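Visitor: My file is start_9.cif. It has mmCIF, C-alpha atoms and all ligand atoms:
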data_protein
#
loop_
_atom_site.label_atom_id
_atom_site.label_comp_id
_atom_site.auth_asym_id
_atom_site.auth_seq_id
_atom_site.Cartn_x
_atom_site.Cartn_y
_atom_site.Cartn_z
CA MET K 12 8.08 10.67 8.41
CA LYS K 13 9.96 8.69 11.04
CA ALA K 14 10.23 5.08 9.89
CA PHE K 15 8.25 2.47 11.83
CA GLU K 16 9.94 0.80 14.78
CA PRO K 17 8.02 -2.02 16.49
CA LYS K 18 7.34 -2.21 20.22
CA SER K 19 7.98 -5.96 20.10
CA VAL K 20 9.22 -8.51 17.57
CA LEU K 21 8.03 -12.08 17.05
CA ILE K 22 10.30 -14.34 15.01
CA GLU K 23 9.46 -17.71 13.53
CA GLU K 24 12.17 -20.26 14.47
CA GLN K 25 12.78 -21.13 10.83
CA ALA K 26 13.45 -17.48 9.92
CA LEU K 27 16.75 -17.67 11.80
CA ASP K 28 18.08 -20.04 9.13
CA TYR K 29 18.18 -17.02 6.83
CA GLU K 30 20.71 -14.20 7.08
CA LEU K 31 18.00 -11.54 7.09
CA GLY K 32 16.08 -13.25 9.90
CA ALA K 33 19.20 -13.43 12.09
CA GLU K 34 20.04 -9.79 11.26
CA ILE K 35 16.59 -8.57 12.27
CA LYS K 36 16.79 -10.50 15.55
CA GLU K 37 20.17 -9.00 16.39
CA ARG K 38 19.06 -5.51 15.37
CA TYR K 39 16.12 -5.45 17.78
CA GLU K 40 17.90 -7.23 20.60
CA ASP K 41 20.58 -4.52 20.36
CA LYS K 42 17.85 -1.91 20.60
CA GLU K 43 16.41 -3.72 23.63
CA VAL K 44 13.07 -4.24 21.90
CA PRO K 45 11.42 -7.41 23.29
CA VAL K 46 12.00 -10.31 20.87
CA ARG K 47 10.13 -13.62 21.22
CA MET K 48 10.38 -16.78 19.13
CA ILE K 49 7.15 -18.19 17.67
CA GLU K 50 6.20 -21.37 15.86
CA SER K 51 4.32 -19.88 12.92
CA HIS K 52 3.94 -16.40 11.47
CA ASN K 53 0.45 -17.34 10.35
CA ARG K 54 -0.96 -18.19 13.73
CA VAL K 55 0.53 -15.88 16.30
CA LYS K 56 -0.44 -16.84 19.84
CA TRP K 57 -0.54 -13.80 22.08
CA LYS K 58 0.38 -14.21 25.72
CA GLU K 59 -2.08 -11.61 26.94
CA GLN K 60 -5.89 -11.81 27.07
CA MET K 61 -7.13 -8.87 24.98
CA THR K 62 -10.31 -7.33 23.66
CA PRO K 63 -10.50 -7.21 19.83
CA LEU K 64 -9.59 -3.50 19.95
CA GLU K 65 -6.57 -4.12 22.21
CA LEU K 66 -5.51 -6.99 19.99
CA PHE K 67 -5.67 -4.75 16.92
CA GLU K 68 -3.56 -2.06 18.63
CA LYS K 69 -1.03 -4.60 19.89
CA ALA K 70 -0.80 -6.37 16.51
CA LYS K 71 -0.15 -3.12 14.64
CA GLU K 72 2.78 -2.31 16.95
CA THR K 73 4.37 -5.75 16.58
CA LEU K 74 6.72 -6.87 13.84
CA VAL K 75 6.36 -10.51 12.83
CA VAL K 76 9.24 -12.13 10.95
CA GLY K 77 8.67 -15.33 9.02
CA VAL K 78 9.43 -17.51 6.01
CA LYS K 79 7.06 -17.24 3.04
CA LYS K 80 6.05 -20.78 2.32
CA THR K 81 3.31 -20.28 -0.25
CA LEU K 82 5.33 -19.51 -3.32
CA ARG K 83 2.55 -20.11 -5.81
CA PHE K 84 1.43 -16.57 -6.63
CA LYS K 85 -2.21 -15.60 -6.99
CA SER K 86 -3.48 -13.84 -10.07
CA CYS K 87 -3.82 -10.07 -9.78
CA GLN K 88 -6.03 -9.26 -12.75
CA PRO K 89 -6.69 -6.73 -14.13
CA SER K 90 -3.73 -4.74 -12.75
CA ALA K 91 -0.99 -7.39 -13.17
CA ASP K 92 -0.52 -11.07 -13.96
CA TYR K 93 0.58 -12.08 -10.46
CA ARG K 94 0.79 -10.83 -6.88
CA VAL K 95 4.23 -11.03 -5.37
CA VAL K 96 4.31 -10.76 -1.60
CA GLY K 97 7.48 -9.59 0.17
CA ASN K 98 5.64 -8.49 3.30
CA THR K 99 2.09 -8.41 4.63
CA SER K 100 0.00 -5.60 6.17
CA CYS K 101 1.59 -2.33 7.19
CA PRO K 102 2.18 -0.17 10.26
CA GLY K 103 -0.16 2.58 8.95
CA ARG K 104 -3.67 2.94 10.38
CA CYS K 105 -5.78 4.06 7.47
CA GLU K 106 -9.28 3.66 8.84
CA TYR K 107 -10.71 2.45 5.54
CA CYS K 108 -7.80 0.01 4.81
CA TYR K 109 -9.20 -2.98 2.94
CA LEU K 110 -6.19 -5.10 3.93
CA ALA K 111 -6.78 -4.45 7.61
CA THR K 112 -10.39 -5.52 7.25
CA ASN K 113 -9.44 -8.70 5.37
CA LEU K 114 -6.55 -9.94 7.49
CA GLY K 115 -8.59 -10.58 10.65
CA SER K 116 -6.31 -10.85 13.68
CA ALA K 117 -3.24 -11.32 11.41
CA VAL K 118 -3.13 -7.57 10.88
CA TYR K 119 0.43 -7.32 12.24
CA PRO K 120 3.14 -6.00 9.89
CA ARG K 121 4.90 -9.15 8.73
CA VAL K 122 8.13 -9.48 6.77
CA TYR K 123 9.49 -12.51 4.94
CA VAL K 124 13.18 -13.28 5.05
CA ASN K 125 13.49 -15.87 2.24
CA ILE K 126 13.89 -13.30 -0.51
CA ASP K 127 16.07 -15.57 -2.68
CA GLU K 128 13.28 -18.17 -2.72
CA ILE K 129 10.72 -15.46 -3.56
CA LEU K 130 12.92 -14.29 -6.47
CA ASP K 131 13.24 -17.91 -7.68
CA ALA K 132 9.46 -18.21 -7.55
CA ILE K 133 9.14 -15.03 -9.65
CA LYS K 134 11.42 -16.65 -12.27
CA LYS K 135 9.21 -19.75 -12.32
CA HIS K 136 6.06 -17.67 -12.77
CA ILE K 137 7.61 -15.72 -15.65
CA LYS K 138 8.42 -19.02 -17.34
CA LYS K 139 4.99 -20.45 -16.64
CA SER K 140 3.09 -17.44 -17.97
CA GLU K 141 4.71 -17.77 -21.42
CA LYS K 142 3.96 -14.10 -22.04
CA GLU K 143 6.33 -11.67 -23.68
CA ILE K 144 6.12 -9.48 -20.56
CA THR K 145 4.80 -10.85 -17.26
CA THR K 146 3.70 -8.25 -14.73
CA PHE K 147 3.86 -8.51 -10.94
CA GLU K 148 2.06 -6.39 -8.32
CA ALA K 149 3.99 -5.93 -5.06
CA SER K 150 1.26 -4.06 -3.18
CA SER K 151 -1.69 -6.41 -3.03
CA SER K 152 -0.99 -7.56 0.54
CA SER K 153 0.94 -4.69 2.07
CA ASP K 154 2.44 -1.31 1.63
CA PRO K 155 5.75 -2.67 0.34
CA ILE K 156 7.79 0.41 1.27
CA ALA K 157 6.61 0.83 4.86
CA LEU K 158 9.02 -1.86 6.14
CA GLU K 159 11.79 -1.51 3.59
CA HIS K 160 14.16 0.08 6.13
CA ILE K 161 14.00 -3.24 8.05
CA THR K 162 14.38 -5.71 5.19
CA GLY K 163 15.63 -4.16 1.92
CA VAL K 164 13.43 -6.75 0.16
CA LEU K 165 11.84 -4.35 -2.33
CA GLY K 166 15.29 -3.06 -3.31
CA ARG K 167 16.28 -6.67 -4.08
CA MET K 168 13.18 -7.05 -6.24
CA ILE K 169 13.87 -3.79 -8.12
CA ASN K 170 17.39 -5.06 -8.86
CA PHE K 171 16.02 -8.41 -9.96
CA PHE K 172 13.46 -6.88 -12.36
CA SER K 173 16.04 -4.42 -13.74
CA GLN K 174 17.83 -7.39 -15.30
CA ARG K 175 14.75 -8.92 -16.94
CA ASP K 176 13.40 -8.08 -20.37
CA ASP K 177 10.37 -10.25 -19.81
CA ALA K 178 8.88 -8.86 -16.60
CA LEU K 179 7.75 -5.67 -14.86
CA LEU K 180 7.05 -4.81 -11.24
CA ARG K 181 4.33 -2.44 -9.96
CA VAL K 182 4.44 -0.84 -6.54
CA ALA K 183 1.76 1.28 -4.85
CA THR K 184 2.57 3.15 -1.66
CA LYS K 185 1.99 6.07 0.68
CA PHE K 186 5.43 5.79 2.31
CA ASP K 187 8.43 7.98 1.68
CA ASN K 188 11.54 6.02 2.73
CA ILE K 189 12.66 5.54 -0.85
CA ASP K 190 16.23 6.89 -0.83
CA SER K 191 17.70 3.39 -1.03
CA PHE K 192 16.04 2.96 -4.47
CA LEU K 193 17.45 6.09 -6.04
CA ASN K 194 20.83 4.69 -7.06
CA ILE K 195 19.56 1.36 -8.36
CA ASP K 196 20.08 0.88 -12.07
CA HIS K 197 16.39 0.00 -12.42
CA ASN K 198 16.03 0.08 -16.21
CA GLU K 199 12.50 1.46 -15.79
CA LYS K 200 11.28 -2.06 -14.93
CA THR K 201 9.61 -0.95 -11.69
CA ARG K 202 6.71 1.46 -11.72
CA PHE K 203 5.76 3.37 -8.58
CA ARG K 204 2.28 4.73 -7.89
CA TYR K 205 1.77 7.12 -5.01
CA SER K 206 -1.53 7.04 -3.22
CA ILE K 207 -2.65 10.61 -2.51
CA ASN K 208 -5.77 12.29 -1.22
CA SER K 209 -7.33 15.54 -0.06
CA ALA K 210 -5.99 17.16 3.11
CA TYR K 211 -9.23 16.20 4.89
CA VAL K 212 -8.97 12.47 4.02
CA ILE K 213 -5.28 12.29 4.96
CA ARG K 214 -5.84 14.17 8.22
CA GLU K 215 -8.95 12.30 9.32
CA PHE K 216 -8.38 8.76 8.09
CA GLU K 217 -4.78 8.02 7.05
CA ASN K 218 -3.24 7.81 10.51
CA LEU K 219 0.50 7.13 10.81
CA THR K 220 1.22 7.66 7.12
CA PRO K 221 3.38 10.38 5.52
CA SER K 222 1.90 13.79 4.66
CA LEU K 223 0.93 14.71 1.10
CA THR K 224 4.05 16.90 0.87
CA SER K 225 6.31 13.96 1.88
CA ARG K 226 4.60 11.62 -0.59
CA LEU K 227 5.00 14.15 -3.42
CA GLN K 228 8.65 14.73 -2.53
CA ALA K 229 9.31 10.98 -2.56
CA ALA K 230 7.44 10.56 -5.88
CA TYR K 231 9.43 13.45 -7.35
CA LYS K 232 12.75 11.92 -6.30
CA LEU K 233 11.76 8.61 -7.91
CA LYS K 234 10.69 10.36 -11.10
CA GLU K 235 13.97 12.30 -11.13
CA ALA K 236 15.79 8.97 -10.74
CA GLY K 237 14.05 7.83 -13.95
CA TYR K 238 11.38 5.52 -12.54
CA PRO K 239 7.95 5.52 -14.18
CA VAL K 240 5.66 7.22 -11.62
CA GLY K 241 1.91 7.49 -11.35
CA PHE K 242 -0.69 8.48 -8.78
CA ILE K 243 -3.64 6.69 -7.26
CA ILE K 244 -6.29 9.01 -5.88
CA ALA K 245 -8.11 6.74 -3.46
CA PRO K 246 -10.46 6.51 -1.82
CA ILE K 247 -12.10 9.57 -3.36
CA MET K 248 -14.66 10.89 -0.88
CA LEU K 249 -17.33 13.52 -0.73
CA HIS K 250 -16.71 15.76 2.25
CA GLU K 251 -17.12 19.39 3.20
CA ASN K 252 -15.18 21.59 0.74
CA TRP K 253 -14.21 18.50 -1.28
CA LYS K 254 -13.94 20.51 -4.49
CA GLN K 255 -11.54 23.07 -3.03
CA GLU K 256 -9.54 20.38 -1.23
CA TYR K 257 -9.09 18.14 -4.29
CA LYS K 258 -8.20 21.24 -6.32
CA ARG K 259 -5.53 22.13 -3.76
CA MET K 260 -4.18 18.56 -3.94
CA ILE K 261 -3.86 18.64 -7.75
CA ASP K 262 -2.38 22.18 -7.64
CA LYS K 263 0.20 20.99 -5.17
CA LEU K 264 1.04 17.96 -7.30
CA ALA K 265 1.30 20.04 -10.49
CA THR K 266 3.59 22.54 -8.76
CA ALA K 267 5.77 19.76 -7.31
CA PHE K 268 6.03 18.13 -10.75
CA SER K 269 6.39 21.33 -12.80
CA ASP K 270 9.72 20.00 -14.19
CA PHE K 271 7.88 17.00 -15.59
CA GLN K 272 4.82 18.68 -17.12
CA ASN K 273 5.68 17.21 -20.50
CA SER K 274 6.44 13.69 -19.44
CA GLU K 275 4.04 10.89 -18.72
CA LEU K 276 2.22 10.83 -15.41
CA SER K 277 -0.71 8.54 -14.91
CA PHE K 278 -3.68 8.52 -12.57
CA GLU K 279 -5.87 5.76 -11.19
CA LEU K 280 -9.05 7.08 -9.57
CA ILE K 281 -10.90 4.92 -7.06
CA MET K 282 -14.00 6.01 -5.14
CA PHE K 283 -14.77 5.23 -1.52
CA ARG K 284 -16.78 2.05 -1.05
CA PHE K 285 -17.68 -0.15 1.86
CA SER K 286 -19.62 -3.23 2.79
CA THR K 287 -21.68 -3.94 5.88
CA ARG K 288 -18.93 -6.34 6.99
CA THR K 289 -16.09 -3.79 6.63
CA LYS K 290 -18.22 -1.05 8.25
CA ASN K 291 -18.69 -3.22 11.35
CA ILE K 292 -14.98 -4.06 11.61
CA ILE K 293 -13.92 -0.44 11.10
CA GLN K 294 -16.40 0.93 13.64
CA GLU K 295 -15.16 -1.58 16.20
CA ARG K 296 -11.52 -0.62 15.63
CA TYR K 297 -12.13 3.13 15.26
CA PRO K 298 -15.22 3.87 17.36
CA GLU K 299 -14.94 7.61 16.65
CA THR K 300 -14.42 7.25 12.91
CA LYS K 301 -15.87 9.98 10.70
CA LEU K 302 -16.03 7.70 7.64
CA ASP K 303 -19.37 8.24 5.96
CA PHE K 304 -21.21 4.93 6.12
CA SER K 305 -24.60 6.55 5.54
CA LYS K 306 -26.68 5.47 2.57
CA ASP K 307 -26.83 9.09 1.29
CA GLN K 308 -25.75 9.39 -2.34
CA LYS K 309 -24.80 5.68 -2.32
CA LYS K 310 -26.19 2.71 -4.17
CA HIS K 311 -26.35 -0.88 -3.03
CA LYS K 312 -24.35 -3.15 -5.32
CA GLY K 313 -25.53 -6.39 -3.75
CA PHE K 314 -23.90 -8.57 -1.07
CA GLY K 315 -24.04 -5.64 1.40
CA LYS K 316 -21.67 -3.52 -0.72
CA TYR K 317 -22.16 0.22 -1.21
CA VAL K 318 -20.64 2.71 -3.67
CA TYR K 319 -21.58 6.27 -4.66
CA ASP K 320 -24.66 6.46 -6.87
CA GLU K 321 -24.29 7.20 -10.61
CA GLU K 322 -24.99 10.92 -10.33
CA THR K 323 -22.44 11.41 -7.54
CA ALA K 324 -19.86 9.20 -9.25
CA GLU K 325 -20.21 11.20 -12.46
CA GLN K 326 -19.83 14.46 -10.55
CA LEU K 327 -16.62 13.18 -8.93
CA ARG K 328 -15.27 11.78 -12.18
CA THR K 329 -15.83 14.90 -14.29
CA TYR K 330 -14.55 17.26 -11.61
CA LEU K 331 -11.30 15.33 -11.02
CA ALA K 332 -10.75 14.70 -14.74
CA GLU K 333 -11.09 18.43 -15.44
CA LEU K 334 -8.71 19.34 -12.63
CA ILE K 335 -6.09 16.92 -13.94
CA LYS K 336 -6.53 18.00 -17.55
CA ASP K 337 -6.28 21.64 -16.60
CA ARG K 338 -3.10 21.38 -14.50
CA LEU K 339 -1.41 18.34 -16.09
CA PRO K 340 -2.57 18.24 -19.72
CA LYS K 341 -0.22 15.36 -20.65
CA ALA K 342 -1.33 13.11 -17.82
CA GLU K 343 -3.37 10.03 -18.55
CA ILE K 344 -6.31 8.83 -16.45
CA GLU K 345 -6.06 5.06 -16.63
CA TYR K 346 -9.42 4.35 -15.01
CA PHE K 347 -12.09 5.64 -12.63
CA VAL K 348 -14.00 3.15 -10.53
S1 LIG Z 1 -0.92 2.63 4.01
FE1 LIG Z 1 -2.13 1.21 2.75
S2 LIG Z 1 -1.77 -0.80 3.63
FE2 LIG Z 1 -1.11 0.70 5.15
S3 LIG Z 1 -2.91 1.03 6.47
FE3 LIG Z 1 -2.97 2.59 4.87
S4 LIG Z 1 -4.26 1.70 3.24
FE4 LIG Z 1 -3.62 0.01 4.60
#
Could the structure of this file be written out as structure tokens, please?

Guide:
Amino acid sequence: MKAFEPKSVLIEEQALDYELGAEIKERYEDKEVPVRMIESHNRVKWKEQMTPLELFEKAKETLVVGVKKTLRFKSCQPSADYRVVGNTSCPGRCEYCYLATNLGSAVYPRVYVNIDEILDAIKKHIKKSEKEITTFEASSSSDPIALEHITGVLGRMINFFSQRDDALLRVATKFDNIDSFLNIDHNEKTRFRYSINSAYVIREFENLTPSLTSRLQAAYKLKEAGYPVGFIIAPIMLHENWKQEYKRMIDKLATAFSDFQNSELSFELIMFRFSTRTKNIIQERYPETKLDFSKDQKKHKGFGKYVYDEETAEQLRTYLAELIKDRLPKAEIEYFV
């Protein structure tokens, strides 16, 4: 898929004190993309008056460049000890995206240029945790690969972790611009997980993200380069022909990974869920969305949150587990939620 290029760039004054900030400014000025200086990457003031929908569209097409000031990392239990944030949001338009519904108007793809300070903060957190191995999740606030062609920040992190015996990095993504990682001597300290789904879900809801084929090709290249690789099937949805479509997805994955049938592949399975709050935001941003917000086969979990009911969840779990076991007998299902 063609890598994201913004329609305009907003740069925090302070970001120009860093080599990467100055490089990004020059890069887009050379390309004649409008570049404007801003005071803060957290509170972007738009010049235009816009409806919420126009603001969302505009924000998603804008690259914001800033300095990450909060270098105290939040916990990321149960998947990792800490969240490490090298960028925020993403240029994709997955209609169900939980990040997009949580970031409010700050939904613009945002990159941070003070990577050396972020790496220093990682060192401090490793020391503070006092664990034999401290784990970091790079995907809690963004798709960390979607903007890698602009910053190279994830590559710097992979290099950093490759030299540590006391820390591991986890990355989840749908994006395929991974060639810059293939020659890094990574020491298996970074684990990639590719988010995949049925053809229907990708076609209908995962706008501006790479196809399943591109994701599998990228995952294969990473596996071939020796990285630990896993898959996240999320959000799992009931839809017309869902059984055939998820079967086709697993068949395609098993065929793509036929060279690695005997090595470890892991799966994380996460069902579709929504809340009344996210439903309202999504329907405002995607008025034609086909996401199923009906109460059919769902149960209310409290606080306006809905998930599939037990019977439906069990049907999804057993069907997907059987598919995986049948085509990839050595694969491990880490969890189903
Ligand atoms: S790729 Fe991930 S972060 Fe980007 S819009 Fe889709 S779900 Fe959100």

Visitor: Using all atoms listed in the file, which residues sit within 8 Å of region 156-164 of chain K once same-chain residues fewer than 6 positions away are excluded, as a list in words?

Guide: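 The residues that qualify are Ala14, Phe15, Leu31, Ile35, Gly97, Asn98, Cys101, Pro102, Val122, Val124, Ile126, Thr184, Phe186, Asp187, Asn188 and Ile189 of chain K.
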
Visitor: CA of Lys42 (chain K) to CA of Ala70 (chain K): how many Å, to one decimal?

Guide: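 Computing the Euclidean distance for CA of Lys42 (chain K) and CA of Ala70 (chain K) yields 19.6 Å.
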
Visitor: List every protein, DNA or RNA residue that has at least one atom no more than 7 Å from (-1.6, -12.2, -7.2) in the file's coordinates, counting all atoms listed in the file, and write the result as a list in words.

Guide: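 Using all atoms listed in the file, the matching residues come out as Phe84, Lys85, Ser86, Cys87, Asp92, Tyr93, Arg94, Val95 and Glu148 of chain K.
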
Visitor: List all protein, DNA and RNA residues that have any atom at most 12 Å from ligand LIG 1 (chain Z), counting all atoms listed in the file, and write the list as a ChimeraX atom specification.

Guide: /K:15,71,98-114,118-121,149-158,182-187,205-208,212-213,216-222,226,243-246

Visitor: So which one's closest to Arg175 (chain K), K:Glu143, K:Glu50, K:Asp262, K:Asp190? Using only C-alpha atoms, please.

Guide: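 Answer, going by the shortest atom-to-atom distance: K:Glu143.
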
Visitor: Tell me, as a ChimeraX atom specification, which residues lie within 10 Å of region 276-291 of chain K, counting all atoms listed in the file; anything in the same chain fewer than 5 positions away does not count.

Guide: /K:107-109,111-113,204-206,234,239-249,268,271,296-298,302-304,309-319,324,327-328,331-332,335,339-348

Visitor: Could you write out that same residue set with C-alpha atoms as a PDB file, in the frame of the given file?

Guide:
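What ended up in out_7.pdb:
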ATOM      1  CA  TYR K 107     -10.710   2.450   5.540  1.00  0.00           C
ATOM      2  CA  CYS K 108      -7.800   0.010   4.810  1.00  0.00           C
ATOM      3  CA  TYR K 109      -9.200  -2.980   2.940  1.00  0.00           C
ATOM      4  CA  ALA K 111      -6.780  -4.450   7.610  1.00  0.00           C
ATOM      5  CA  THR K 112     -10.390  -5.520   7.250  1.00  0.00           C
ATOM      6  CA  ASN K 113      -9.440  -8.700   5.370  1.00  0.00           C
ATOM      7  CA  ARG K 204       2.280   4.730  -7.890  1.00  0.00           C
ATOM      8  CA  TYR K 205       1.770   7.120  -5.010  1.00  0.00           C
ATOM      9  CA  SER K 206      -1.530   7.040  -3.220  1.00  0.00           C
ATOM     10  CA  LYS K 234      10.690  10.360 -11.100  1.00  0.00           C
ATOM     11  CA  PRO K 239       7.950   5.520 -14.180  1.00  0.00           C
ATOM     12  CA  VAL K 240       5.660   7.220 -11.620  1.00  0.00           C
ATOM     13  CA  GLY K 241       1.910   7.490 -11.350  1.00  0.00           C
ATOM     14  CA  PHE K 242      -0.690   8.480  -8.780  1.00  0.00           C
ATOM     15  CA  ILE K 243      -3.640   6.690  -7.260  1.00  0.00           C
ATOM     16  CA  ILE K 244      -6.290   9.010  -5.880  1.00  0.00           C
ATOM     17  CA  ALA K 245      -8.110   6.740  -3.460  1.00  0.00           C
ATOM     18  CA  PRO K 246     -10.460   6.510  -1.820  1.00  0.00           C
ATOM     19  CA  ILE K 247     -12.100   9.570  -3.360  1.00  0.00           C
ATOM     20  CA  MET K 248     -14.660  10.890  -0.880  1.00  0.00           C
ATOM     21  CA  LEU K 249     -17.330  13.520  -0.730  1.00  0.00           C
ATOM     22  CA  PHE K 268       6.030  18.130 -10.750  1.00  0.00           C
ATOM     23  CA  PHE K 271       7.880  17.000 -15.590  1.00  0.00           C
ATOM     24  CA  ARG K 296     -11.520  -0.620  15.630  1.00  0.00           C
ATOM     25  CA  TYR K 297     -12.130   3.130  15.260  1.00  0.00           C
ATOM     26  CA  PRO K 298     -15.220   3.870  17.360  1.00  0.00           C
ATOM     27  CA  LEU K 302     -16.030   7.700   7.640  1.00  0.00           C
ATOM     28  CA  ASP K 303     -19.370   8.240   5.960  1.00  0.00           C
ATOM     29  CA  PHE K 304     -21.210   4.930   6.120  1.00  0.00           C
ATOM     30  CA  LYS K 309     -24.800   5.680  -2.320  1.00  0.00           C
ATOM     31  CA  LYS K 310     -26.190   2.710  -4.170  1.00  0.00           C
ATOM     32  CA  HIS K 311     -26.350  -0.880  -3.030  1.00  0.00           C
ATOM     33  CA  LYS K 312     -24.350  -3.150  -5.320  1.00  0.00           C
ATOM     34  CA  GLY K 313     -25.530  -6.390  -3.750  1.00  0.00           C
ATOM     35  CA  PHE K 314     -23.900  -8.570  -1.070  1.00  0.00           C
ATOM     36  CA  GLY K 315     -24.040  -5.640   1.400  1.00  0.00           C
ATOM     37  CA  LYS K 316     -21.670  -3.520  -0.720  1.00  0.00           C
ATOM     38  CA  TYR K 317     -22.160   0.220  -1.210  1.00  0.00           C
ATOM     39  CA  VAL K 318     -20.640   2.710  -3.670  1.00  0.00           C
ATOM     40  CA  TYR K 319     -21.580   6.270  -4.660  1.00  0.00           C
ATOM     41  CA  ALA K 324     -19.860   9.200  -9.250  1.00  0.00           C
ATOM     42  CA  LEU K 327     -16.620  13.180  -8.930  1.00  0.00           C
ATOM     43  CA  ARG K 328     -15.270  11.780 -12.180  1.00  0.00           C
ATOM     44  CA  LEU K 331     -11.300  15.330 -11.020  1.00  0.00           C
ATOM     45  CA  ALA K 332     -10.750  14.700 -14.740  1.00  0.00           C
ATOM     46  CA  ILE K 335      -6.090  16.920 -13.940  1.00  0.00           C
ATOM     47  CA  LEU K 339      -1.410  18.340 -16.090  1.00  0.00           C
ATOM     48  CA  PRO K 340      -2.570  18.240 -19.720  1.00  0.00           C
ATOM     49  CA  LYS K 341      -0.220  15.360 -20.650  1.00  0.00           C
ATOM     50  CA  ALA K 342      -1.330  13.110 -17.820  1.00  0.00           C
ATOM     51  CA  GLU K 343      -3.370  10.030 -18.550  1.00  0.00           C
ATOM     52  CA  ILE K 344      -6.310   8.830 -16.450  1.00  0.00           C
ATOM     53  CA  GLU K 345      -6.060   5.060 -16.630  1.00  0.00           C
ATOM     54  CA  TYR K 346      -9.420   4.350 -15.010  1.00  0.00           C
ATOM     55  CA  PHE K 347     -12.090   5.640 -12.630  1.00  0.00           C
ATOM     56  CA  VAL K 348     -14.000   3.150 -10.530  1.00  0.00           C
TER      57      VAL K 348
END

Visitor: Provide the CA of Glu30 (chain K) to CA of Asp131 (chain K) distance in Å, to one decimal place.

Guide: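 Value for the CA of Glu30 (chain K)-CA of Asp131 (chain K) distance: 17.0 Å.
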
Visitor: Distance CA of Glu141 (chain K)-CA of Tyr238 (chain K), one decimal place?

Guide: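 Here the two named atoms are 25.8 Å from each other.
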
Visitor: Quick one: of K:Ala265, K:Ala117, K:Leu21, K:Val96, who's nearest to Lys36 (chain K), counting all atoms listed in the file?

Guide: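 Answer, going by the shortest atom-to-atom distance: K:Leu21.
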
Visitor: Let me make sure I understand: among K:Thr224, K:Thr300, K:Ser116, K:Gln294, which one has the smallest atom-to-atom distance to Ile261 (chain K) if we use all atoms listed in the file?

Guide: K:Thr224

Visitor: May I have the protein, DNA and RNA residues with an atom at most 10 Å from (8.9, -17.0, 9.5), counting all atoms listed in the file in the file's coordinates, returned as a list in words?

Guide: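 Here the neighbourhood of the point contains Leu21, Ile22, Glu23, Glu24, Gln25, Ala26, Leu27, Asp28, Tyr29, Gly32, Met48, Ile49, Glu50, Ser51, His52, Asn53, Val75, Val76, Gly77, Val78, Lys79, Lys80, Arg121, Val122, Tyr123, Val124 and Asn125 of chain K.
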
Visitor: I need the residue nearest Lys13 (chain K) from this list: K:Pro45, K:Ser225, K:Glu215, K:Gly166. Use only C-alpha atoms for the distance.

Guide: K:Ser225

Visitor: Nearest to Ser140 (chain K): which of K:Met12, K:Leu193, K:Ala91, K:Leu334 is it, counting all atoms listed in the file?

Guide: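 The shortest atom-to-atom distance to Ser140 (chain K) comes from K:Ala91.
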
Visitor: From the list K:Ser209, K:Glu68, K:Ala230, K:Lys58, which residue is nearest Gln255 (chain K) when using only C-alpha atoms?

Guide: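 Residue with the minimum atom-to-atom distance to Gln255 (chain K): K:Ser209.
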
Visitor: Which polymer residues have any atom within 12 Å of an atom of Lys135 (chain K), counting only C-alpha atoms, with same-chain residues fewer than 2 positions away left out, as a list in words?

Guide: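 So, after excluding close chain neighbours, the residues are Leu82, Arg83, Phe84, Tyr93, Glu128, Ile129, Leu130, Asp131, Ala132, Ile133, Ile137, Lys138, Lys139, Ser140, Glu141, Thr145 and Ala178 of chain K.
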